[in-house]
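*Asks:* See run-v3.cif below, with mmCIF, C-alpha atoms.
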data_structure
#
loop_
_atom_site.group_PDB
_atom_site.id
_atom_site.type_symbol
_atom_site.label_atom_id
_atom_site.label_comp_id
_atom_site.auth_asym_id
_atom_site.auth_seq_id
_atom_site.Cartn_x
_atom_site.Cartn_y
_atom_site.Cartn_z
ATOM 1 C CA MET D 2 57.813 102.395 137.601
ATOM 2 C CA LYS D 3 54.956 100.663 135.738
ATOM 3 C CA TRP D 4 52.498 103.005 137.441
ATOM 4 C CA ILE D 5 54.402 106.079 136.249
ATOM 5 C CA LYS D 6 54.404 104.750 132.686
ATOM 6 C CA SER D 7 50.641 104.005 132.833
ATOM 7 C CA LEU D 8 49.956 107.424 134.286
ATOM 8 C CA PHE D 9 52.061 109.031 131.566
ATOM 9 C CA TYR D 10 50.104 107.092 128.917
ATOM 10 C CA PHE D 11 46.741 108.152 130.377
ATOM 11 C CA VAL D 12 47.825 111.808 130.663
ATOM 12 C CA LEU D 13 49.080 111.899 127.072
ATOM 13 C CA MET D 14 45.992 110.128 125.683
ATOM 14 C CA GLY D 15 43.705 112.335 127.786
ATOM 15 C CA LEU D 16 45.484 115.424 126.478
ATOM 16 C CA ALA D 17 45.190 114.174 122.880
ATOM 17 C CA VAL D 18 41.440 113.577 123.210
ATOM 18 C CA SER D 19 40.666 116.766 125.170
ATOM 19 C CA PHE D 20 42.716 118.835 122.682
ATOM 20 C CA PHE D 21 40.795 117.304 119.773
ATOM 21 C CA MET D 22 37.470 117.938 121.541
ATOM 22 C CA ALA D 23 38.364 121.536 122.462
ATOM 23 C CA VAL D 24 39.461 122.391 118.924
ATOM 24 C CA ASN D 25 36.217 120.984 117.499
ATOM 25 C CA GLY D 26 33.981 122.597 120.146
ATOM 26 C CA LEU D 27 32.798 119.307 121.668
ATOM 27 C CA HIS D 28 31.706 118.940 125.309
ATOM 28 C CA GLY D 29 31.873 115.871 127.504
ATOM 29 C CA LEU D 30 28.081 115.866 127.924
ATOM 30 C CA ASP D 31 27.651 115.546 124.143
ATOM 31 C CA LEU D 32 29.150 112.097 124.480
ATOM 32 C CA TRP D 33 26.631 110.829 127.058
ATOM 33 C CA ASP D 34 23.974 108.427 125.767
ATOM 34 C CA PRO D 35 22.620 105.773 128.206
ATOM 35 C CA ALA D 36 21.073 103.632 125.433
ATOM 36 C CA SER D 37 24.432 103.195 123.703
ATOM 37 C CA LEU D 38 26.196 102.511 126.987
ATOM 38 C CA ILE D 39 23.660 99.813 127.906
ATOM 39 C CA PHE D 40 24.147 98.182 124.498
ATOM 40 C CA ILE D 41 27.931 98.074 124.919
ATOM 41 C CA LEU D 42 27.538 96.748 128.486
ATOM 42 C CA ALA D 43 25.496 93.890 126.994
ATOM 43 C CA GLY D 44 28.490 93.130 124.782
ATOM 44 C CA TRP D 45 31.014 93.134 127.627
ATOM 45 C CA LEU D 46 28.767 90.853 129.698
ATOM 46 C CA PHE D 47 29.534 88.015 127.284
ATOM 47 C CA VAL D 48 33.060 87.788 128.665
ATOM 48 C CA PHE D 49 31.523 86.192 131.790
ATOM 49 C CA LEU D 50 30.306 83.272 129.629
ATOM 50 C CA ASN D 51 33.752 81.693 129.522
ATOM 51 C CA TYR D 52 35.641 83.282 132.376
ATOM 52 C CA SER D 53 34.805 83.569 136.058
ATOM 53 C CA PRO D 54 34.830 86.997 137.784
ATOM 54 C CA SER D 55 37.960 85.991 139.718
ATOM 55 C CA GLU D 56 39.792 85.077 136.486
ATOM 56 C CA ILE D 57 38.849 88.435 134.971
ATOM 57 C CA PHE D 58 39.960 90.234 138.145
ATOM 58 C CA GLN D 59 43.266 88.327 138.147
ATOM 59 C CA ALA D 60 43.811 89.300 134.498
ATOM 60 C CA PHE D 61 43.559 92.993 135.401
ATOM 61 C CA VAL D 62 45.736 92.540 138.487
ATOM 62 C CA GLN D 63 48.429 90.745 136.474
ATOM 63 C CA ALA D 64 48.359 93.277 133.659
ATOM 64 C CA LEU D 65 48.751 96.122 136.123
ATOM 65 C CA GLY D 66 51.597 94.248 137.805
ATOM 66 C CA LEU D 67 49.994 94.619 141.219
ATOM 67 C CA ARG D 68 50.759 91.145 142.549
ATOM 68 C CA ASN D 69 51.871 87.722 141.394
ATOM 69 C CA SER D 70 49.221 85.100 140.753
ATOM 70 C CA ASP D 71 49.040 81.470 139.672
ATOM 71 C CA GLN D 72 46.910 82.291 136.654
ATOM 72 C CA SER D 73 48.560 81.796 133.273
ATOM 73 C CA LEU D 74 49.620 85.059 131.614
ATOM 74 C CA LYS D 75 48.344 83.764 128.275
ATOM 75 C CA LEU D 76 44.900 83.195 129.811
ATOM 76 C CA SER D 77 44.903 86.781 131.124
ATOM 77 C CA TYR D 78 45.921 87.967 127.645
ATOM 78 C CA GLN D 79 43.016 85.986 126.133
ATOM 79 C CA ILE D 80 40.548 87.415 128.646
ATOM 80 C CA LEU D 81 41.511 91.018 127.926
ATOM 81 C CA GLY D 82 41.522 90.392 124.175
ATOM 82 C CA ASN D 83 38.040 88.906 124.329
ATOM 83 C CA LEU D 84 36.793 91.788 126.466
ATOM 84 C CA GLY D 85 37.974 94.218 123.788
ATOM 85 C CA LYS D 86 36.535 92.126 120.949
ATOM 86 C CA TYR D 87 33.099 91.797 122.584
ATOM 87 C CA GLY D 88 32.986 95.563 123.096
ATOM 88 C CA LEU D 89 34.012 96.297 119.517
ATOM 89 C CA LEU D 90 31.474 93.816 118.110
ATOM 90 C CA ALA D 91 28.703 95.347 120.232
ATOM 91 C CA GLY D 92 29.868 98.792 119.042
ATOM 92 C CA ALA D 93 29.724 97.661 115.414
ATOM 93 C CA ALA D 94 26.221 96.197 115.952
ATOM 94 C CA CYS D 95 25.202 99.488 117.588
ATOM 95 C CA PHE D 96 26.543 101.380 114.574
ATOM 96 C CA LEU D 97 24.566 99.288 112.073
ATOM 97 C CA ILE D 98 21.355 99.333 114.144
ATOM 98 C CA GLY D 99 21.614 103.126 114.473
ATOM 99 C CA THR D 100 22.236 103.490 110.738
ATOM 100 C CA VAL D 101 19.198 101.342 109.867
ATOM 101 C CA GLN D 102 17.103 103.373 112.299
ATOM 102 C CA ALA D 103 18.418 106.663 110.879
ATOM 103 C CA LEU D 104 17.616 105.594 107.314
ATOM 104 C CA GLY D 105 14.095 104.673 108.389
ATOM 105 C CA ASN D 106 13.531 108.076 110.026
ATOM 106 C CA LEU D 107 15.024 110.488 107.526
ATOM 107 C CA ASP D 108 11.979 112.789 107.754
ATOM 108 C CA ASP D 109 11.844 112.898 111.577
ATOM 109 C CA LEU D 110 14.695 115.043 112.916
ATOM 110 C CA LYS D 111 14.309 114.025 116.596
ATOM 111 C CA ALA D 112 14.332 110.304 115.811
ATOM 112 C CA LEU D 113 17.210 110.853 113.383
ATOM 113 C CA GLY D 114 19.297 112.462 116.151
ATOM 114 C CA MET D 115 18.604 109.579 118.547
ATOM 115 C CA ALA D 116 19.460 107.029 115.875
ATOM 116 C CA LEU D 117 22.739 108.718 114.976
ATOM 117 C CA ALA D 118 23.649 109.051 118.664
ATOM 118 C CA LEU D 119 23.178 105.291 119.093
ATOM 119 C CA SER D 120 25.048 104.693 115.878
ATOM 120 C CA LEU D 121 28.166 106.665 116.765
ATOM 121 C CA LEU D 122 28.364 106.822 120.557
ATOM 122 C CA GLY D 123 28.211 103.049 121.031
ATOM 123 C CA LEU D 124 31.189 102.678 118.748
ATOM 124 C CA ILE D 125 33.004 105.521 120.535
ATOM 125 C CA TYR D 126 32.530 103.878 123.974
ATOM 126 C CA ALA D 127 33.787 100.525 122.690
ATOM 127 C CA LEU D 128 36.756 102.084 120.905
ATOM 128 C CA GLY D 129 37.537 104.254 123.954
ATOM 129 C CA VAL D 130 37.757 101.248 126.261
ATOM 130 C CA TYR D 131 39.769 99.313 123.686
ATOM 131 C CA LEU D 132 42.185 102.210 123.258
ATOM 132 C CA PHE D 133 42.497 103.307 126.896
ATOM 133 C CA VAL D 134 42.163 100.004 128.740
ATOM 134 C CA VAL D 135 42.561 96.882 126.612
ATOM 135 C CA ILE D 136 45.531 97.820 124.408
ATOM 136 C CA PRO D 137 47.777 99.126 127.255
ATOM 137 C CA LEU D 138 46.955 96.154 129.490
ATOM 138 C CA GLN D 139 47.471 93.623 126.692
ATOM 139 C CA ASN D 140 50.737 95.351 125.858
ATOM 140 C CA ALA D 141 51.890 95.019 129.475
ATOM 141 C CA LEU D 142 50.910 91.336 129.529
ATOM 142 C CA GLN D 143 52.699 90.674 126.234
ATOM 143 C CA HIS D 144 55.919 92.045 127.754
ATOM 144 C CA GLN D 145 55.492 89.780 130.778
ATOM 145 C CA ILE D 146 54.843 86.745 128.533
ATOM 146 C CA CYS D 147 58.003 87.490 126.513
ATOM 147 C CA GLU D 148 60.050 87.832 129.725
ATOM 148 C CA GLN D 149 58.649 84.538 131.020
ATOM 149 C CA GLU D 150 59.473 82.743 127.772
ATOM 150 C CA VAL D 151 63.053 84.099 127.680
ATOM 151 C CA TYR D 152 63.890 83.064 131.265
ATOM 152 C CA MET P 22 24.966 75.992 132.131
ATOM 153 C CA LEU P 23 22.492 77.981 134.240
ATOM 154 C CA LYS P 24 25.079 80.753 134.649
ATOM 155 C CA ARG P 25 25.484 80.960 130.866
ATOM 156 C CA PHE P 26 21.726 81.191 130.302
ATOM 157 C CA PHE P 27 21.568 83.928 132.925
ATOM 158 C CA ILE P 28 24.375 85.935 131.264
ATOM 159 C CA VAL P 29 22.893 85.588 127.764
ATOM 160 C CA GLY P 30 19.432 86.481 129.128
ATOM 161 C CA LEU P 31 20.763 89.516 130.975
ATOM 162 C CA SER P 32 22.646 90.652 127.882
ATOM 163 C CA GLY P 33 19.510 90.243 125.757
ATOM 164 C CA LEU P 34 17.530 92.205 128.316
ATOM 165 C CA LEU P 35 20.035 95.074 128.162
ATOM 166 C CA VAL P 36 19.843 95.136 124.353
ATOM 167 C CA PHE P 37 16.042 95.158 124.573
ATOM 168 C CA LEU P 38 16.195 98.015 127.100
ATOM 169 C CA SER P 39 18.471 99.963 124.752
ATOM 170 C CA PHE P 40 15.957 99.363 121.922
ATOM 171 C CA LEU P 41 13.098 100.579 124.141
ATOM 172 C CA MET P 42 15.004 103.744 125.072
ATOM 173 C CA ASN P 43 15.429 104.512 121.362
ATOM 174 C CA ASN P 44 11.826 103.652 120.396
ATOM 175 C CA GLN P 45 12.985 100.905 118.060
ATOM 176 C CA LYS P 46 11.122 97.818 116.924
ATOM 177 C CA LEU P 47 12.817 94.432 116.695
ATOM 178 C CA PHE P 48 10.753 93.578 113.608
ATOM 179 C CA ASP P 49 12.573 96.317 111.601
ATOM 180 C CA TYR P 50 15.666 94.115 111.670
ATOM 181 C CA TYR P 51 14.054 90.952 110.348
ATOM 182 C CA THR P 52 14.776 89.676 106.824
ATOM 183 C CA PRO P 53 13.707 86.048 106.304
ATOM 184 C CA ASP P 54 15.763 85.597 103.108
ATOM 185 C CA LEU P 55 19.080 86.308 104.802
ATOM 186 C CA ILE P 56 18.223 84.454 108.016
ATOM 187 C CA LEU P 57 17.108 81.364 106.103
ATOM 188 C CA GLY P 58 20.052 81.570 103.692
ATOM 189 C CA LEU P 59 22.630 81.892 106.457
ATOM 190 C CA GLY P 60 20.893 79.228 108.570
ATOM 191 C CA LEU P 61 20.804 76.666 105.747
ATOM 192 C CA GLY P 62 24.381 77.531 104.713
ATOM 193 C CA GLY P 63 25.585 77.117 108.295
ATOM 194 C CA LEU P 64 23.769 73.775 108.564
ATOM 195 C CA ALA P 65 25.327 72.601 105.292
ATOM 196 C CA PHE P 66 28.789 73.503 106.557
ATOM 197 C CA ALA P 67 28.297 71.851 109.944
ATOM 198 C CA MET P 68 26.876 68.635 108.454
ATOM 199 C CA VAL P 69 29.083 68.178 105.397
ATOM 200 C CA LEU P 70 32.245 70.304 105.496
ATOM 201 C CA GLY P 71 32.931 70.555 109.227
ATOM 202 C CA LYS P 72 33.873 66.914 109.744
ATOM 203 C CA GLY P 73 32.988 65.835 113.274
ATOM 204 C CA MET P 74 32.402 69.453 114.276
ATOM 205 C CA PRO P 75 28.841 69.070 115.647
ATOM 206 C CA LEU P 76 29.817 66.080 117.823
ATOM 207 C CA ALA P 77 32.947 67.762 119.154
ATOM 208 C CA LEU P 78 30.923 70.908 119.833
ATOM 209 C CA LEU P 79 28.345 68.896 121.747
ATOM 210 C CA ARG P 80 31.086 67.287 123.842
ATOM 211 C CA LEU P 81 32.611 70.702 124.503
ATOM 212 C CA LEU P 82 29.265 72.083 125.670
ATOM 213 C CA LYS P 83 28.743 69.030 127.909
ATOM 214 C CA ARG P 84 32.226 69.683 129.386
ATOM 215 C CA GLU P 85 33.415 66.227 128.339
ATOM 216 C CA PHE P 86 37.113 65.553 127.780
ATOM 217 C CA LEU P 87 38.563 66.402 124.365
ATOM 218 C CA GLU P 88 42.151 65.753 123.230
ATOM 219 C CA ALA P 89 44.324 68.745 122.361
ATOM 220 C CA TYR P 90 44.317 67.855 118.655
ATOM 221 C CA GLN P 91 40.494 67.631 118.700
ATOM 222 C CA LEU P 92 40.312 71.082 120.243
ATOM 223 C CA GLN P 93 42.664 72.420 117.575
ATOM 224 C CA GLN P 94 40.499 70.805 114.877
ATOM 225 C CA LEU P 95 37.428 72.399 116.417
ATOM 226 C CA LEU P 96 39.131 75.784 116.485
ATOM 227 C CA ALA P 97 40.094 75.413 112.816
ATOM 228 C CA SER P 98 36.493 74.395 111.986
ATOM 229 C CA PHE P 99 35.190 77.553 113.679
ATOM 230 C CA ARG P 100 37.594 79.671 111.619
ATOM 231 C CA HIS P 101 36.511 77.973 108.401
ATOM 232 C CA ALA P 102 32.817 78.221 109.323
ATOM 233 C CA TRP P 103 33.216 81.932 109.967
ATOM 234 C CA ARG P 104 34.956 82.465 106.603
ATOM 235 C CA PHE P 105 32.285 80.340 104.918
ATOM 236 C CA LEU P 106 29.478 82.508 106.344
ATOM 237 C CA LEU P 107 31.359 85.698 105.393
ATOM 238 C CA CYS P 108 31.689 84.465 101.799
ATOM 239 C CA LEU P 109 28.058 83.333 101.706
ATOM 240 C CA THR P 110 26.848 86.774 102.845
ATOM 241 C CA GLY P 111 29.152 88.370 100.251
ATOM 242 C CA PHE P 112 27.621 86.079 97.614
ATOM 243 C CA PHE P 113 24.066 87.110 98.596
ATOM 244 C CA TYR P 114 25.147 90.734 98.571
ATOM 245 C CA LEU P 115 26.564 90.411 95.032
ATOM 246 C CA LEU P 116 23.400 88.637 93.857
ATOM 247 C CA GLN P 117 21.292 91.470 95.234
ATOM 248 C CA THR P 118 23.622 94.026 93.585
ATOM 249 C CA LEU P 119 23.201 92.243 90.239
ATOM 250 C CA GLN P 120 19.444 92.292 90.719
ATOM 251 C CA ILE P 121 19.380 96.043 91.339
ATOM 252 C CA LEU P 122 21.623 96.644 88.311
ATOM 253 C CA THR P 123 19.170 94.821 86.066
ATOM 254 C CA HIS P 124 16.483 97.278 87.206
ATOM 255 C CA ALA P 125 18.545 100.429 86.560
ATOM 256 C CA GLY P 126 16.333 103.101 85.017
ATOM 257 C CA ASP P 127 13.070 101.366 86.046
ATOM 258 C CA LYS P 128 10.281 103.198 87.849
ATOM 259 C CA LYS P 129 10.838 100.940 90.841
ATOM 260 C CA ALA P 130 14.635 101.375 90.846
ATOM 261 C CA LEU P 131 14.533 103.448 94.029
ATOM 262 C CA ALA P 132 12.565 100.757 95.860
ATOM 263 C CA TYR P 133 15.111 98.138 94.776
ATOM 264 C CA LEU P 134 17.897 100.453 95.944
ATOM 265 C CA GLY P 135 16.240 100.624 99.369
ATOM 266 C CA THR P 136 16.018 96.825 99.540
ATOM 267 C CA TRP P 137 19.664 96.515 98.504
ATOM 268 C CA LEU P 138 20.770 99.000 101.168
ATOM 269 C CA ALA P 139 18.690 97.243 103.840
ATOM 270 C CA LEU P 140 20.118 93.872 102.838
ATOM 271 C CA SER P 141 23.676 95.197 102.948
ATOM 272 C CA LEU P 142 23.240 96.702 106.410
ATOM 273 C CA LEU P 143 21.307 93.776 107.854
ATOM 274 C CA GLY P 144 23.771 91.264 106.373
ATOM 275 C CA GLY P 145 26.552 93.040 108.241
ATOM 276 C CA LEU P 146 24.438 93.186 111.398
ATOM 277 C CA TYR P 147 23.650 89.454 111.314
ATOM 278 C CA LEU P 148 27.317 88.602 110.801
ATOM 279 C CA ILE P 149 28.336 90.807 113.726
ATOM 280 C CA LEU P 150 25.665 89.269 115.952
ATOM 281 C CA LEU P 151 26.809 85.776 114.929
ATOM 282 C CA ARG P 152 30.412 86.646 115.751
ATOM 283 C CA TRP P 153 29.412 88.294 119.026
ATOM 284 C CA ALA P 154 26.976 85.688 120.347
ATOM 285 C CA VAL P 155 28.117 82.428 118.736
ATOM 286 C CA PHE P 156 31.627 82.286 117.292
ATOM 287 C CA LEU P 157 33.581 84.379 119.804
ATOM 288 C CA PRO P 158 32.178 82.670 122.955
ATOM 289 C CA LEU P 159 32.733 79.202 121.448
ATOM 290 C CA GLN P 160 36.237 80.040 120.251
ATOM 291 C CA ALA P 161 37.087 81.507 123.658
ATOM 292 C CA ALA P 162 35.835 78.327 125.348
ATOM 293 C CA VAL P 163 37.976 76.132 123.073
ATOM 294 C CA GLN P 164 41.043 78.351 123.473
ATOM 295 C CA LYS P 165 40.710 78.304 127.264
ATOM 296 C CA ARG P 166 40.386 74.499 127.321
ATOM 297 C CA LEU P 167 43.313 74.149 124.899
ATOM 298 C CA LEU P 168 45.522 76.398 127.025
ATOM 299 C CA SER P 169 44.802 74.421 130.184
ATOM 300 C CA GLU P 170 45.479 71.108 128.407
ATOM 301 C CA ILE P 171 48.754 72.366 126.952
ATOM 302 C CA GLN P 172 49.777 73.512 130.438
ATOM 303 C CA GLU P 173 48.854 70.118 131.864
ATOM 304 C CA ILE P 174 50.901 68.336 129.199
ATOM 305 C CA SER P 175 53.937 70.607 129.665
ATOM 306 C CA GLY P 176 53.514 70.406 133.455
ATOM 307 C CA VAL P 177 53.492 74.167 134.061
#
Can you dump the structure from the file as structure tokens?
*Replies:*
Amino acid sequence: MKWIKSLFYFVLMGLAVSFFMAVNGLHGLDLWDPASLIFILAGWLFVFLNYSPSEIFQAFVQALGLRNSDQSLKLSYQILGNLGKYGLLAGAACFLIGTVQALGNLDDLKALGMALALSLLGLIYALGVYLFVVIPLQNALQHQICEQEVY
Amino acid sequence: MLKRFFIVGLSGLLVFLSFLMNNQKLFDYYTPDLILGLGLGGLAFAMVLGKGMPLALLRLLKREFLEAYQLQQLLASFRHAWRFLLCLTGFFYLLQTLQILTHAGDKKALAYLGTWLALSLLGGLYLILLRWAVFLPLQAAVQKRLLSEIQEISGV
């Protein structure tokens, strides 16, 4: 049942985004910028500072309700929250770095385009993951925590 | 410890790679006034206002045992330190705004406007980097330790 709900969420969110993109004449390739992606990856890497790969894996497994594990639900909730926060902070840093670069290259159109791509796409990647991955998984974990506390 | 250095190094390398791909220079993002101001402010907080914070932080980094109340105190100190740095940056920003307002109508007003804009953007960038690379990892470490201690106490 959880899988059907998740699928329904992804379909609805995918439809919302693709409808918005189609109406505004945007293509998927317009949203591809390796430099921004690398910057956001650098942000997500920080989650490994405090949590081991197995703890992070268990957090995803628990949130998806795939199997029971000994790991505390609150720890899984923390891990996912931190993953989202690191991404958003890296996205915000990307935005400011791109803006500074854009302001320094106002007379050079090519450099301006690259700077604005870094500025906006980094933030879009971070927000996308937060919206499509972190929020639904944290929501699922919150329900499980509430159930555990009641019983 | 080695794992942490590796992760931070790898992350830094990725940021550097992203900078290279965009033909950016690290020196463009350097303002000594803000760095020195925030550094001295942070030191003042840690030494005077954050009572016992540096020692507790050192023990946390050495993975020594800390009581639950000490961890909670450390967490509260991080929150206060973060608010302190936010306010300090806001204070610098207002000072710079006042400075540009006193030069309104001058021949060099545009140059001062540029400096003000750069300071505003870089202030935000430094705060984000501090949150990303210092406060959030430390807070996460304390929260994780606190959670495990609470579970140990409650016997879950």
*Asks:* In terms of the shortest atom-to-atom distance over only C-alpha atoms, which of P:Leu82, P:Met42, P:Val155, P:Leu55 is closest to Met22 in chain P?
*Replies:*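 Ranked by minimum distance to Met22 in chain P, first place goes to P:Leu82.
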*Asks:* Please, which residues of chain P lie no more than 7 Å from chain D when the count uses all atoms listed in the file, and can they be set out as number ranges by chain?
*Replies:* P: 25, 28, 32, 35-36, 39, 42-43, 142, 146, 149-150, 153, 158, 161-162, 165
*Asks:* To one decimal place, how far is CA of Ala89 in chain P from CA of Ile171 in chain P in Å?
*Replies:* 7.3 Å
*Asks:* Separation of CA of Phe48 in chain P and CA of Leu34 in chain P, in Å?
*Replies:*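 That distance, rounded to one decimal, is 16.3 Å.
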*Asks:* Might you pull out every residue within 7 Å of Gly85 in chain D, with all atoms listed in the file counted and same-chain residues fewer than 4 positions away left off, and present them as a list of chain:residue names?
*Replies:* D:Leu81, D:Leu89, D:Tyr131, D:Val135
*Asks:* Within 9 Å of Thr52 in chain P, counting only C-alpha atoms, which residues qualify if same-chain residues fewer than 5 places away don't, as number ranges by chain?
*Replies:* P: 57, 140, 143
*Asks:* Residues as selected, C-alpha atoms, written as a PDB file, in the frame of the given file, can you do that?
*Replies:*
ATOM      1  CA  LEU P  57      17.108  81.364 106.103  1.00  0.00           C
ATOM      2  CA  LEU P 140      20.118  93.872 102.838  1.00  0.00           C
ATOM      3  CA  LEU P 143      21.307  93.776 107.854  1.00  0.00           C
TER       4      LEU P 143
END
*Asks:* Compile the contact shell of range 90-100 of chain P as a list in words: residues with an atom at most 8 Å away, counting all atoms listed in the file, same-chain residues fewer than 3 positions apart removed.
*Replies:*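 Counting only the stated atoms, we get Gly71, Met74, Ala77, Leu78, Leu87, Trp103, Arg104, Phe156, Gln160, Val163, Gln164, Arg166 and Leu167 of chain P.
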